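Structure file input22.cif (mmCIF, C-alpha atoms) is printed below.
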```cif
data_run
#
loop_
_atom_site.label_atom_id
_atom_site.label_comp_id
_atom_site.auth_asym_id
_atom_site.auth_seq_id
_atom_site.Cartn_x
_atom_site.Cartn_y
_atom_site.Cartn_z
CA MET A 15 158.20 12.41 145.11
CA THR A 16 155.49 10.08 146.40
CA THR A 17 152.82 12.23 144.78
CA LEU A 18 154.72 12.21 141.49
CA VAL A 19 154.83 8.41 141.52
CA PHE A 20 151.10 8.31 142.33
CA LEU A 21 150.26 10.70 139.48
CA ARG A 22 152.35 8.69 137.04
CA MET A 23 150.42 5.55 137.95
CA VAL A 24 146.94 7.13 137.95
CA VAL A 25 147.08 9.74 135.15
CA HIS A 26 147.69 8.09 131.80
CA ASP A 27 147.85 11.24 129.65
CA HIS A 28 150.19 13.58 131.49
CA ASP A 29 149.18 16.50 129.27
CA ASN A 30 146.02 16.53 131.40
CA LEU A 31 148.14 17.65 134.36
CA PHE A 32 148.86 20.96 132.63
CA VAL A 33 145.16 21.49 131.96
CA ALA A 34 144.48 20.58 135.61
CA ALA A 35 147.05 23.18 136.70
CA GLU A 36 145.24 25.85 134.68
CA ALA A 37 141.90 24.73 136.14
CA VAL A 38 143.19 24.94 139.73
CA HIS A 39 144.62 28.40 139.02
CA ALA A 40 141.20 29.43 137.71
CA LEU A 41 139.65 28.02 140.90
CA GLY A 42 142.01 30.17 142.95
CA ILE A 43 140.98 33.24 140.96
CA SER A 44 137.32 32.32 141.63
CA VAL A 45 138.06 32.37 145.36
CA LEU A 46 139.49 35.87 144.94
CA ILE A 47 136.41 37.00 143.01
CA TYR A 48 134.19 35.70 145.81
CA LYS A 49 136.31 37.52 148.42
CA LEU A 50 136.22 40.80 146.52
CA THR A 51 132.51 40.73 145.65
CA LYS A 52 131.04 39.28 148.84
CA GLU A 53 133.37 40.57 151.54
CA LYS A 54 134.09 43.90 149.81
CA THR A 55 137.72 43.88 150.90
CA CYS A 56 141.10 43.19 149.34
CA ALA A 57 143.01 43.14 152.63
CA GLY A 58 145.88 40.66 152.54
CA LEU A 59 146.13 40.62 148.75
CA SER A 60 149.18 41.81 146.83
CA LEU A 61 148.38 44.08 143.90
CA LYS A 62 151.96 43.67 142.71
CA SER A 63 151.57 39.89 142.44
CA GLN A 64 148.42 40.40 140.39
CA ASP A 65 150.28 42.87 138.14
CA LEU A 66 153.10 40.37 137.59
CA THR A 67 150.57 37.60 136.92
CA ALA A 68 148.79 39.74 134.33
CA LEU A 69 152.13 40.59 132.72
CA PHE A 70 153.35 37.02 132.27
CA LEU A 71 149.90 35.88 131.15
CA ALA A 72 149.73 38.65 128.53
CA VAL A 73 153.19 37.75 127.21
CA ARG A 74 152.35 34.03 127.22
CA LEU A 75 149.09 34.74 125.43
CA TYR A 76 150.98 36.64 122.74
CA CYS A 77 153.39 33.71 122.37
CA SER A 78 150.45 31.30 122.11
CA PHE A 79 148.87 33.28 119.29
CA VAL A 80 152.05 33.59 117.23
CA MET A 81 153.68 30.24 118.05
CA GLU A 82 151.11 27.55 118.94
CA PHE A 83 147.40 28.24 119.27
CA ASP A 84 145.77 25.51 121.38
CA ILE A 85 143.55 24.88 124.41
CA HIS A 86 146.08 26.62 126.65
CA THR A 87 145.51 29.83 124.68
CA LEU A 88 141.85 29.80 125.64
CA LEU A 89 142.61 28.96 129.27
CA ASP A 90 145.19 31.75 129.50
CA SER A 91 142.72 34.20 127.94
CA ALA A 92 140.13 33.44 130.61
CA THR A 93 142.69 33.62 133.42
CA LEU A 94 144.07 36.93 132.14
CA ALA A 95 140.58 38.43 131.91
CA THR A 96 139.75 37.52 135.52
CA THR A 97 143.17 38.68 136.75
CA LEU A 98 142.63 42.08 135.11
CA TRP A 99 139.26 42.27 136.82
CA VAL A 100 140.89 41.57 140.20
CA ILE A 101 143.46 44.31 139.51
CA TYR A 102 140.67 46.74 138.64
CA MET A 103 138.80 45.95 141.86
CA ILE A 104 141.91 46.43 144.02
CA ARG A 105 143.01 49.65 142.30
CA PHE A 106 139.63 51.36 142.20
CA ASN A 107 136.57 49.82 143.88
CA LEU A 108 138.29 48.47 147.02
CA LYS A 109 141.29 50.77 147.20
CA SER A 110 140.50 51.81 150.79
CA SER A 111 141.14 48.26 152.07
CA TYR A 112 144.33 47.71 150.06
CA MET A 113 147.31 47.23 152.41
CA GLU A 114 149.78 49.24 150.36
CA ASP A 115 152.28 49.57 153.22
CA LYS A 116 152.47 45.76 153.50
CA ASP A 117 152.75 45.26 149.73
CA ASN A 118 156.28 46.66 149.67
CA PHE A 119 158.11 44.18 147.43
CA LYS A 120 160.06 45.96 144.68
CA ILE A 121 158.87 44.27 141.49
CA TYR A 122 161.88 45.41 139.49
CA TYR A 123 163.87 43.00 141.67
CA VAL A 124 162.26 40.17 139.67
CA VAL A 125 161.31 41.81 136.36
CA ILE A 126 164.80 43.06 135.48
CA PRO A 127 166.57 39.73 136.24
CA CYS A 128 163.89 37.91 134.20
CA VAL A 129 164.45 40.26 131.24
CA VAL A 130 168.23 39.82 131.41
CA LEU A 131 167.96 36.05 131.81
CA SER A 132 165.56 35.77 128.87
CA LEU A 133 167.99 37.72 126.67
CA ILE A 134 170.78 35.29 127.58
CA ILE A 135 168.90 31.97 127.80
CA HIS A 136 165.90 31.42 125.53
CA PRO A 137 164.55 28.72 123.17
CA THR A 138 166.57 27.75 120.10
CA THR A 139 163.57 26.98 117.92
CA GLN A 140 162.93 28.40 114.42
CA HIS A 141 160.61 31.14 115.68
CA HIS A 142 161.50 34.85 115.51
CA ILE A 143 164.06 35.90 118.13
CA LEU A 144 161.59 38.34 119.75
CA ASN A 145 159.05 35.56 120.22
CA ARG A 146 161.66 33.23 121.70
CA ILE A 147 162.82 35.88 124.17
CA SER A 148 159.20 36.65 125.11
CA TRP A 149 158.56 32.96 125.69
CA ALA A 150 161.55 32.72 128.02
CA PHE A 151 160.54 35.91 129.86
CA CYS A 152 157.06 34.63 130.72
CA VAL A 153 158.48 31.29 131.91
CA TYR A 154 160.93 33.03 134.26
CA LEU A 155 158.44 35.65 135.48
CA GLU A 156 155.76 33.07 136.25
CA ALA A 157 158.21 31.26 138.54
CA VAL A 158 158.62 34.31 140.81
CA SER A 159 155.36 36.23 140.33
CA VAL A 160 154.00 35.08 143.70
CA LEU A 161 156.87 36.61 145.71
CA PRO A 162 155.09 39.94 146.42
CA GLN A 163 152.08 38.01 147.78
CA LEU A 164 154.38 36.04 150.04
CA ARG A 165 155.94 39.30 151.24
CA VAL A 166 152.50 40.64 152.22
CA MET A 167 151.82 37.47 154.22
CA GLN A 168 155.27 37.67 155.77
CA ASN A 169 154.56 41.24 156.90
CA THR A 170 151.12 40.45 158.36
CA LYS A 171 151.86 36.93 159.72
CA ILE A 172 148.10 36.29 159.84
CA VAL A 173 146.44 35.12 156.63
CA GLU A 174 142.64 35.23 156.39
CA PRO A 175 140.90 32.15 154.90
CA PHE A 176 140.13 33.27 151.34
CA THR A 177 143.64 34.62 150.75
CA ALA A 178 145.06 31.37 152.15
CA HIS A 179 142.80 29.31 149.85
CA TYR A 180 143.94 31.36 146.85
CA VAL A 181 147.66 31.00 147.58
CA PHE A 182 147.24 27.28 148.29
CA ALA A 183 145.49 26.90 144.93
CA LEU A 184 148.48 28.60 143.32
CA GLY A 185 150.79 26.14 145.07
CA VAL A 186 148.78 23.14 143.84
CA ALA A 187 148.65 24.58 140.31
CA ARG A 188 152.40 25.11 140.27
CA PHE A 189 152.99 21.56 141.53
CA LEU A 190 150.74 20.06 138.83
CA SER A 191 152.53 22.10 136.17
CA CYS A 192 155.90 20.93 137.49
CA ALA A 193 154.65 17.32 137.62
CA HIS A 194 153.53 17.64 134.00
CA TRP A 195 157.03 18.61 132.87
CA VAL A 196 158.87 16.07 135.02
CA LEU A 197 156.64 13.17 133.95
CA GLN A 198 156.76 14.22 130.30
CA VAL A 199 160.55 14.18 130.43
CA LEU A 200 160.46 10.70 131.99
CA ASP A 201 157.87 9.44 129.49
CA THR A 202 159.91 10.63 126.51
CA GLN A 203 163.19 9.48 128.09
CA GLY A 204 164.54 13.01 127.83
CA ARG A 205 163.50 13.60 124.21
CA LEU A 206 161.15 16.39 125.32
CA LEU A 207 164.10 18.44 126.48
CA THR A 208 165.87 18.13 123.14
CA ALA A 209 162.62 19.03 121.37
CA LEU A 210 162.63 22.36 123.22
CA GLY A 211 166.01 23.19 121.77
CA TYR A 212 169.59 22.87 122.89
CA GLY A 213 171.98 24.59 125.27
CA LEU A 214 170.84 25.86 128.68
CA TRP A 215 167.19 26.52 127.77
CA PRO A 216 165.72 22.98 128.30
CA PRO A 217 167.13 22.56 131.83
CA MET A 218 166.14 26.18 132.66
CA VAL A 219 162.50 25.38 131.80
CA LEU A 220 162.55 22.44 134.18
CA LEU A 221 164.40 24.44 136.84
CA SER A 222 161.82 27.26 136.61
CA GLU A 223 159.01 24.79 137.19
CA ILE A 224 160.79 23.32 140.22
CA VAL A 225 161.60 26.77 141.66
CA GLN A 226 158.03 28.03 141.48
CA THR A 227 156.83 24.83 143.16
CA PHE A 228 159.24 25.04 146.08
CA ILE A 229 158.66 28.78 146.59
CA LEU A 230 155.15 27.88 147.79
CA ALA A 231 155.95 24.52 149.40
CA ASP A 232 156.53 25.95 152.89
CA PHE A 233 153.26 27.89 152.85
CA CYS A 234 151.30 24.87 151.59
CA TYR A 235 152.67 22.78 154.47
CA TYR A 236 151.39 25.24 157.08
CA TYR A 237 148.11 25.64 155.20
CA VAL A 238 147.40 21.89 155.32
CA LYS A 239 148.53 21.77 158.95
CA SER A 240 146.13 24.61 159.77
CA ILE A 241 143.20 22.96 157.95
CA VAL A 242 143.82 19.62 159.68
CA GLY A 243 143.97 21.46 163.02
CA GLY A 244 140.63 23.12 162.35
CA GLN A 245 142.00 26.67 162.34
CA LEU A 246 140.06 29.19 160.25
CA VAL A 247 142.85 31.78 160.27
CA LEU A 248 146.34 30.75 159.19
CA ARG A 249 149.11 32.01 161.45
CA LEU A 250 152.60 31.77 160.01
CA PRO A 251 155.60 31.26 162.30
CA SER A 252 158.65 33.47 161.96
CA GLY A 253 160.86 32.67 158.99
CA VAL A 254 158.10 31.22 156.81
CA VAL A 255 157.77 32.65 153.26
#
```
Please express what this file holds, its structure, as structure tokens.
Amino acid sequence: MTTLVFLRMVVHDHDNLFVAAEAVHALGISVLIYKLTKEKTCAGLSLKSQDLTALFLAVRLYCSFVMEFDIHTLLDSATLATTLWVIYMIRFNLKSSYMEDKDNFKIYYVVIPCVVLSLIIHPTTQHHILNRISWAFCVYLEAVSVLPQLRVMQNTKIVEPFTAHYVFALGVARFLSCAHWVLQVLDTQGRLLTALGYGLWPPMVLLSEIVQTFILADFCYYYVKSIVGGQLVLRLPSGVV
């Protein structure tokens, strides 16, 4: 809450927070690229999280092209391209270091509920029904796409630096995205929510942003604590993530 107040005072155009979220996500991907190319290992990374990330980015990119082409379309295109490269490296070039036994989260646990939820609760705009359902699906899937990565870290309990940097970057990106929505709602005195449509969809958008922020909040706390303590390797206590 303190950070939200600070951002509202310092950042005048809160649309910049969404761009900043995309930039931080791209920075996190850059950390992964460095890890994969320089260290020649993908240990500690979840292929399933990367698959889910590529899926929601591809759907969001489709929605951007058919609904509103803007700067976010270009940012999503770049992020999707690098995510696909990471997936290729894990599946083929560095397959021997992939911890498949630790990456045991069942992705249909999140994909199926997101599909069902998007069929029930989606935007009420004038766009084609398929596009509105797709939009809702990518919003819901983005909120939970990091869960397989958290499961890998939960199984190993020890997170090496580059993986920790990447997940922390995701946490910061999700917070900035959530801050963007919250501050926009405050700035417009709630008119933004009505502009998104009516019914349950507007609050579900906001709830999805809050959920994806708090999913990573616990990890980010221990990451900062580890950095302040001068620890190179992050050790997670029982019950975290």
Listing only residues of segment 129-239 of chain A within 12 Å of segment 53-56 of chain A, what is the closest atom pair and its distance in Å (to one decimal) for each, using all atoms listed in the file, sorted by chain and residue number ascending, as a Markdown table?
```
| residue | atom | partner | partner_atom | distance |
| --- | --- | --- | --- | --- |
| A:Glu174 | CA | A:Cys56 | CA | 10.7 |
| A:Pro175 | CA | A:Glu53 | CA | 11.8 |
| A:Phe176 | CA | A:Glu53 | CA | 10.0 |
| A:Thr177 | CA | A:Cys56 | CA | 9.0 |
```
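Here the PyMOL selection byres ((chain A and resi 135) around 9) matches the residues Val130, Leu131, Ser132, Leu133, Ile134, His136, Pro137, Ile147, Ala150, Gly213, Leu214, Trp215 and Met218 of chain A.
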inquiry  = On this structure, the PyMOL selection byres ((chain A and resi 179-186) around 7) would catch which residues? List them as a PyMOL selection string, sorted by chain and number.
reply    = chain A and resi 38-39+42-43+45-46+175-178+187-190+227+230-231+234
inquiry  = Which residues, named as in the file, does the PyMOL selection byres ((chain A and resi 102) around 12) pick out? Answer as JSON, numbers by chain.
reply    = {"A": [47, 50, 56, 61, 64, 65, 68, 95, 96, 97, 98, 99, 100, 101, 103, 104, 105, 106, 107, 108, 109]}
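Between atom CA of Ala37 of chain A and atom CA of Phe79 of chain A the interatomic distance comes to 20.1 Å.
Proximity ranking of A:Cys77, A:Val199, A:Met113, A:Ala92 relative to Arg146 of chain A places A:Cys77 first, based on all atoms listed in the file.
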Enclose the full set of atoms of segment 61-65 of chain A listed in the file within a box whose edges lie along x, y and z, apply 6 Å of padding to each of the six sides, and report centre and edge lengths in Å to one decimal as JSON.
```
{"center_x": 150.2, "center_y": 42.0, "center_z": 141.0, "size_x": 15.6, "size_y": 16.2, "size_z": 17.8}
```
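Using all atoms listed in the file for every distance, the candidate list A:Ala157, A:Leu220, A:Leu197, A:Leu248 yields A:Leu248 as the residue closest to Lys171 of chain A.
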